[in-house]
$ cat data.tsv   # TSV, C-alpha atoms
chain	number	residue	atom	x	y	z
S	5	MET	CA	223.54	-6.15	124.45
S	6	ALA	CA	225.41	-8.82	126.37
S	7	ASN	CA	223.69	-10.54	129.27
S	8	THR	CA	225.81	-9.83	132.37
S	9	ALA	CA	223.38	-11.24	134.93
S	10	LYS	CA	224.91	-13.65	137.43
S	11	THR	CA	221.72	-15.71	137.64
S	12	LYS	CA	219.70	-17.66	135.06
S	13	GLY	CA	216.08	-17.47	136.20
S	14	ALA	CA	214.27	-18.99	139.15
S	15	HIS	CA	215.18	-22.54	140.18
S	16	HIS	CA	212.23	-22.92	142.58
S	17	ILE	CA	209.85	-21.01	144.83
S	18	GLY	CA	209.57	-21.94	148.50
S	19	LEU	CA	206.33	-21.42	150.44
S	20	THR	CA	205.55	-21.86	154.14
S	21	VAL	CA	201.92	-22.87	154.68
S	22	PRO	CA	199.69	-23.66	157.68
S	23	ASP	CA	198.32	-26.91	156.22
S	24	LEU	CA	200.77	-28.81	154.01
S	25	ALA	CA	198.23	-31.44	152.92
S	26	LYS	CA	195.68	-28.89	151.69
S	27	THR	CA	198.20	-26.82	149.74
S	28	ARG	CA	199.75	-29.96	148.25
S	29	GLU	CA	196.31	-31.16	147.17
S	30	PHE	CA	195.60	-27.80	145.53
S	31	PHE	CA	198.72	-27.88	143.38
S	32	ILE	CA	198.34	-31.53	142.39
S	33	GLU	CA	194.57	-31.99	142.08
S	34	THR	CA	193.55	-28.49	140.92
S	35	LEU	CA	196.57	-27.27	138.95
S	36	GLY	CA	197.87	-30.65	137.76
S	37	PHE	CA	201.36	-30.37	139.25
S	38	GLU	CA	203.36	-33.53	140.01
S	39	GLN	CA	205.08	-34.26	143.30
S	40	VAL	CA	208.80	-34.70	142.65
S	41	CYS	CA	210.21	-34.93	146.18
S	42	GLU	CA	209.23	-35.15	149.84
S	43	LYS	CA	210.92	-34.39	153.16
S	44	PRO	CA	208.79	-36.15	155.80
S	45	ASP	CA	210.99	-35.03	158.69
S	46	TYR	CA	210.33	-31.29	158.09
S	47	PRO	CA	207.66	-31.96	156.69
S	48	ALA	CA	207.72	-30.60	153.13
S	49	VAL	CA	206.81	-31.61	149.58
S	50	PHE	CA	208.20	-30.40	146.27
S	51	VAL	CA	205.86	-30.11	143.26
S	52	SER	CA	206.47	-29.11	139.65
S	53	ASP	CA	204.53	-28.19	136.50
S	54	GLY	CA	207.47	-29.27	134.36
S	55	VAL	CA	208.91	-25.74	134.26
S	56	THR	CA	208.76	-24.31	137.78
S	57	MET	CA	209.29	-26.25	140.99
S	58	ILE	CA	207.50	-25.10	144.14
S	59	THR	CA	208.66	-26.31	147.54
S	60	ILE	CA	205.92	-26.31	150.19
S	61	TRP	CA	206.94	-26.28	153.85
S	62	GLN	CA	204.71	-26.90	156.87
S	63	ALA	CA	204.69	-24.05	159.42
S	64	LYS	CA	206.04	-25.22	162.78
S	65	ASN	CA	202.98	-23.99	164.67
S	66	ALA	CA	200.10	-23.21	162.34
S	67	ALA	CA	197.95	-21.79	165.11
S	68	SER	CA	200.46	-19.07	166.00
S	69	ALA	CA	201.93	-18.52	162.51
S	70	VAL	CA	201.65	-14.99	161.11
S	71	PRO	CA	199.20	-15.02	158.16
S	72	PHE	CA	200.30	-13.89	154.70
S	73	ASP	CA	200.23	-10.09	154.43
S	74	ARG	CA	201.72	-8.64	151.25
S	75	LYS	CA	201.49	-5.04	152.49
S	76	ASN	CA	203.00	-5.29	155.97
S	77	ILE	CA	205.40	-8.24	156.07
S	78	ILE	CA	208.73	-8.14	154.26
S	79	GLY	CA	209.05	-10.95	151.72
S	80	LEU	CA	206.69	-12.45	149.19
S	81	HIS	CA	204.12	-10.09	147.66
S	82	HIS	CA	202.81	-12.73	145.24
S	83	PHE	CA	204.12	-15.09	142.59
S	84	ALA	CA	202.84	-15.59	139.05
S	85	LEU	CA	202.33	-18.77	137.03
S	86	ARG	CA	201.94	-18.63	133.25
S	87	VAL	CA	199.10	-20.45	131.49
S	88	ASP	CA	198.81	-21.19	127.78
S	89	GLY	CA	196.13	-18.93	126.42
S	90	ALA	CA	193.14	-16.84	127.50
S	91	GLY	CA	190.79	-19.81	127.12
S	92	VAL	CA	192.82	-21.86	129.57
S	93	LEU	CA	192.86	-18.91	131.96
S	94	ASP	CA	189.06	-18.61	131.84
S	95	GLN	CA	188.64	-22.36	132.42
S	96	LEU	CA	191.05	-22.22	135.34
S	97	HIS	CA	189.08	-19.32	136.85
S	98	ASP	CA	185.87	-21.37	136.62
S	99	THR	CA	187.62	-24.25	138.41
S	100	LEU	CA	189.13	-22.06	141.11
S	101	LYS	CA	185.75	-20.50	141.92
S	102	LEU	CA	184.59	-23.95	143.00
S	103	THR	CA	187.79	-24.99	144.78
S	104	GLU	CA	187.67	-25.12	148.57
S	105	GLY	CA	190.13	-22.81	150.26
S	106	VAL	CA	190.57	-20.53	147.22
S	107	GLU	CA	189.58	-16.87	147.40
S	108	ILE	CA	189.36	-15.05	144.07
S	109	GLU	CA	190.76	-11.52	144.25
S	110	PHE	CA	189.74	-10.65	140.70
S	111	ALA	CA	188.63	-12.57	137.60
S	112	PRO	CA	190.61	-12.65	134.33
S	113	GLU	CA	191.07	-9.15	132.97
S	114	PRO	CA	193.51	-7.26	130.72
S	115	LEU	CA	196.80	-6.25	132.31
S	116	GLY	CA	197.02	-2.50	131.76
S	117	ALA	CA	196.36	-1.43	128.19
S	118	GLY	CA	198.09	-4.43	126.60
S	119	PRO	CA	196.72	-7.75	125.32
S	120	THR	CA	198.02	-9.77	128.28
S	121	LYS	CA	195.33	-11.14	130.62
S	122	HIS	CA	195.70	-12.19	134.24
S	123	MET	CA	193.80	-13.02	137.40
S	124	MET	CA	194.71	-13.07	141.09
S	125	CYS	CA	193.64	-15.34	143.94
S	126	PHE	CA	194.61	-16.65	147.36
S	127	ILE	CA	195.28	-20.39	147.37
S	128	PRO	CA	194.89	-22.80	150.31
S	129	GLY	CA	197.40	-21.59	152.88
S	130	GLY	CA	196.65	-17.94	152.12
S	131	ILE	CA	199.41	-17.34	149.54
S	132	ARG	CA	198.60	-14.78	146.84
S	133	VAL	CA	199.05	-16.24	143.35
S	134	GLU	CA	198.68	-14.63	139.93
S	135	PHE	CA	197.85	-16.62	136.80
S	136	ILE	CA	198.88	-14.85	133.62
S	137	THR	CA	198.73	-15.51	129.89
S	138	PRO	CA	201.21	-13.29	128.02
S	139	GLU	CA	200.09	-12.46	124.48
S	140	SER	CA	203.43	-13.85	123.28
S	141	CYS	CA	202.22	-17.34	124.21
S	142	VAL	CA	199.27	-17.15	121.79
S	143	PRO	CA	199.94	-18.90	118.46
S	144	LEU	CA	200.04	-16.41	115.58
S	145	SER	CA	197.38	-18.35	113.72
S	146	HIS	CA	195.04	-17.99	116.72
S	147	ALA	CA	195.79	-14.34	117.40
S	148	TYR	CA	195.53	-13.13	113.79
S	149	PRO	CA	193.68	-15.78	111.76
S	150	GLU	CA	192.15	-13.40	109.20
S	151	ALA	CA	195.39	-11.51	108.62
S	152	LEU	CA	197.40	-14.68	108.10
S	153	SER	CA	194.83	-16.06	105.67
S	154	ARG	CA	195.56	-13.08	103.38
S	155	VAL	CA	199.35	-13.51	103.47
S	156	ASN	CA	201.03	-15.62	100.81
S	157	PRO	CA	204.41	-17.24	101.49
S	158	MET	CA	207.23	-15.65	99.52
S	159	HIS	CA	208.81	-17.55	96.70
S	160	GLY	CA	211.76	-19.44	98.15
S	161	GLY	CA	211.31	-18.05	101.65
S	162	TRP	CA	214.39	-17.67	103.85
S	163	PRO	CA	217.18	-19.40	101.88
S	164	HIS	CA	219.82	-19.80	104.60
S	165	ASN	CA	220.54	-22.55	107.12
S	166	GLN	CA	221.16	-19.87	109.74
S	167	SER	CA	218.01	-18.74	111.58
S	168	PRO	CA	216.40	-15.44	110.53
S	169	PHE	CA	216.31	-14.57	114.25
S	170	HIS	CA	219.29	-13.32	116.23
S	171	ILE	CA	220.35	-15.18	119.37
S	172	GLY	CA	218.44	-12.90	121.75
S	173	GLU	CA	215.17	-13.45	119.88
S	174	GLN	CA	215.78	-17.19	119.86
S	175	GLN	CA	216.33	-17.21	123.64
S	176	VAL	CA	213.07	-15.33	124.24
S	177	GLN	CA	211.20	-17.76	121.98
S	178	GLU	CA	212.70	-20.73	123.84
S	179	ARG	CA	211.56	-19.34	127.20
S	180	LEU	CA	208.03	-18.80	125.86
S	181	GLY	CA	207.87	-22.26	124.30
S	182	VAL	CA	207.31	-20.98	120.74
S	183	ARG	CA	210.79	-21.46	119.24
S	184	GLU	CA	209.98	-24.11	116.61
S	185	ARG	CA	206.66	-22.50	115.68
S	186	MET	CA	208.22	-19.07	115.10
S	187	GLU	CA	211.15	-20.52	113.15
S	188	GLY	CA	208.92	-22.49	110.81
S	189	PHE	CA	206.52	-19.60	110.26
S	190	MET	CA	209.09	-16.88	109.65
S	191	ARG	CA	211.16	-18.94	107.21
S	192	ASN	CA	208.21	-18.60	104.83
S	193	TYR	CA	207.63	-14.89	105.32
S	194	VAL	CA	211.04	-13.23	105.87
S	195	ARG	CA	213.34	-12.02	103.07
S	196	ASP	CA	217.10	-11.74	103.25
S	197	HIS	CA	216.99	-8.59	101.08
S	198	ILE	CA	214.98	-5.41	100.52
S	199	ARG	CA	212.77	-5.48	97.45
S	200	ALA	CA	213.73	-3.17	94.57
S	201	GLU	CA	210.73	-0.87	94.98
S	202	HIS	CA	211.55	-0.45	98.65
S	203	ARG	CA	215.18	0.37	97.86
S	204	ASP	CA	214.04	2.98	95.35
S	205	PHE	CA	211.67	4.45	97.94
S	206	PHE	CA	214.35	4.69	100.65
S	207	GLU	CA	216.66	6.53	98.26
S	208	LEU	CA	214.00	9.25	97.98
S	209	LEU	CA	213.85	9.81	101.73
S	210	PRO	CA	215.68	12.81	103.25
S	211	ASN	CA	219.10	11.93	104.72
S	212	SER	CA	218.91	8.41	103.29
S	213	SER	CA	222.56	8.42	102.24
$ encode --input "data.tsv" --output "structure tokens"
Amino acid sequence: MANTAKTKGAHHIGLTVPDLAKTREFFIETLGFEQVCEKPDYPAVFVSDGVTMITIWQAKNAASAVPFDRKNIIGLHHFALRVDGAGVLDQLHDTLKLTEGVEIEFAPEPLGAGPTKHMMCFIPGGIRVEFITPESCVPLSHAYPEALSRVNPMHGGWPHNQSPFHIGEQQVQERLGVRERMEGFMRNYVRDHIRAEHRDFFELLPNSS
């Protein structure tokens, strides 16, 4: 299905905070972001993790500013930042518990019934932030080590220069940062044909013609 969206993902997220210095310190010192720009006259600073840029703006009058309230003020409910793996998420939770100005809403836990894990907290400035580790970001060898140890690469593997994945799958892999890993893995384990015994089996199925 063709992508008809007029936009191509988030360029940046802008936050108004009561104490610019404290929120800046949180992103740089605690989360490891880098400052990429500054507007001293506003004042504001722009920080980035290499994927997402966050622009942080000082409230004009912090004492009279309306505090963050996801349930009663139109606008931001929360924003989510992806981390690379459940282990990293647990380590980040341990760090955040000891970070001044951070209030943990809940510790890392499964999201619904799926394998994805996430946690939620309020960062300095009172903004609600989710940290999430989608299962798709976990290397296959880490997620299923025993299963992969029992799989033998097929003779010859994928014989074509063209990728075994269609363009939509490739785009998803690029966004998740696993494109090269998935390409290399699947070229050993994907066929370009159905094995003879499988063809014979399908011919026995009702309405197979």
$ residues_around --input "data.tsv" --residues "stretch 15-19 of chain S" --least-positions-apart "6" --cutoff "8 Å" --atoms "only C-alpha atoms" --output "list in words"
Thr56, Met57, Ile58, Thr59, Ile60 and Trp61 of chain S
$ atom_distance --input "data.tsv" --atom1 "atom CA of S:Asn7" --atom2 "atom CA of S:His170"
14.0 Å
$ closest_residue --input "data.tsv" --among "S:Val133, S:Leu85, S:Val92, S:Val55" --to "S:Glu107" --atoms "all atoms listed in the file"
S:Val133
$ axis_aligned_box --input "data.tsv" --around "stretch 5-14 of chain S" --padding-each-side "8 Å" --output "JSON"
{"center_x": 220.0, "center_y": -12.6, "center_z": 131.8, "size_x": 27.5, "size_y": 28.8, "size_z": 30.7}
$ atom_distance --input "data.tsv" --atom1 "atom CA of S:Glu178" --atom2 "atom CA of S:Gly13"
13.2 Å
$ closest_residue --input "data.tsv" --among "S:Gly89, S:Thr20, S:Asp53, S:Phe83" --to "S:Ala66" --atoms "all atoms listed in the file"
S:Thr20
$ residues_around --input "data.tsv" --residues "S:Glu134" --least-positions-apart "6" --cutoff "6 Å" --atoms "all atoms listed in the file" --output "MDAnalysis selection string"
chainID S and resid 84 123:124
$ closest_residue --input "data.tsv" --among "S:Thr103, S:Pro128, S:Pro163, S:Asp94" --to "S:Ala25" --atoms "all atoms listed in the file"
S:Pro128
$ atom_distance --input "data.tsv" --atom1 "atom CA of S:Phe30" --atom2 "atom CA of S:Pro71"
18.3 Å
$ closest_residue --input "data.tsv" --among "S:Pro168, S:Pro44, S:Pro138, S:Pro112" --to "S:Tyr193" --atoms "all atoms listed in the file"
S:Pro168
$ closest_residue --input "data.tsv" --among "S:Arg191, S:Lys64, S:His197, S:Arg185" --to "S:Asn165" --atoms "all atoms listed in the file"
S:Arg191
$ closest_residue --input "data.tsv" --among "S:Leu100, S:Val194, S:Ile78, S:Val21" --to "S:Glu33" --atoms "only C-alpha atoms"
S:Leu100
$ residues_around --input "data.tsv" --residues "S:Thr120" --least-positions-apart "6" --cutoff "8 Å" --atoms "only C-alpha atoms" --output "list in words"
Pro114, Ile136, Thr137, Pro138 and Glu139 of chain S
$ residues_around --input "data.tsv" --residues "S:Arg132" --least-positions-apart "5" --cutoff "8 Å" --atoms "only C-alpha atoms" --output "ChimeraX atom specification"
/S:81-83,124-127
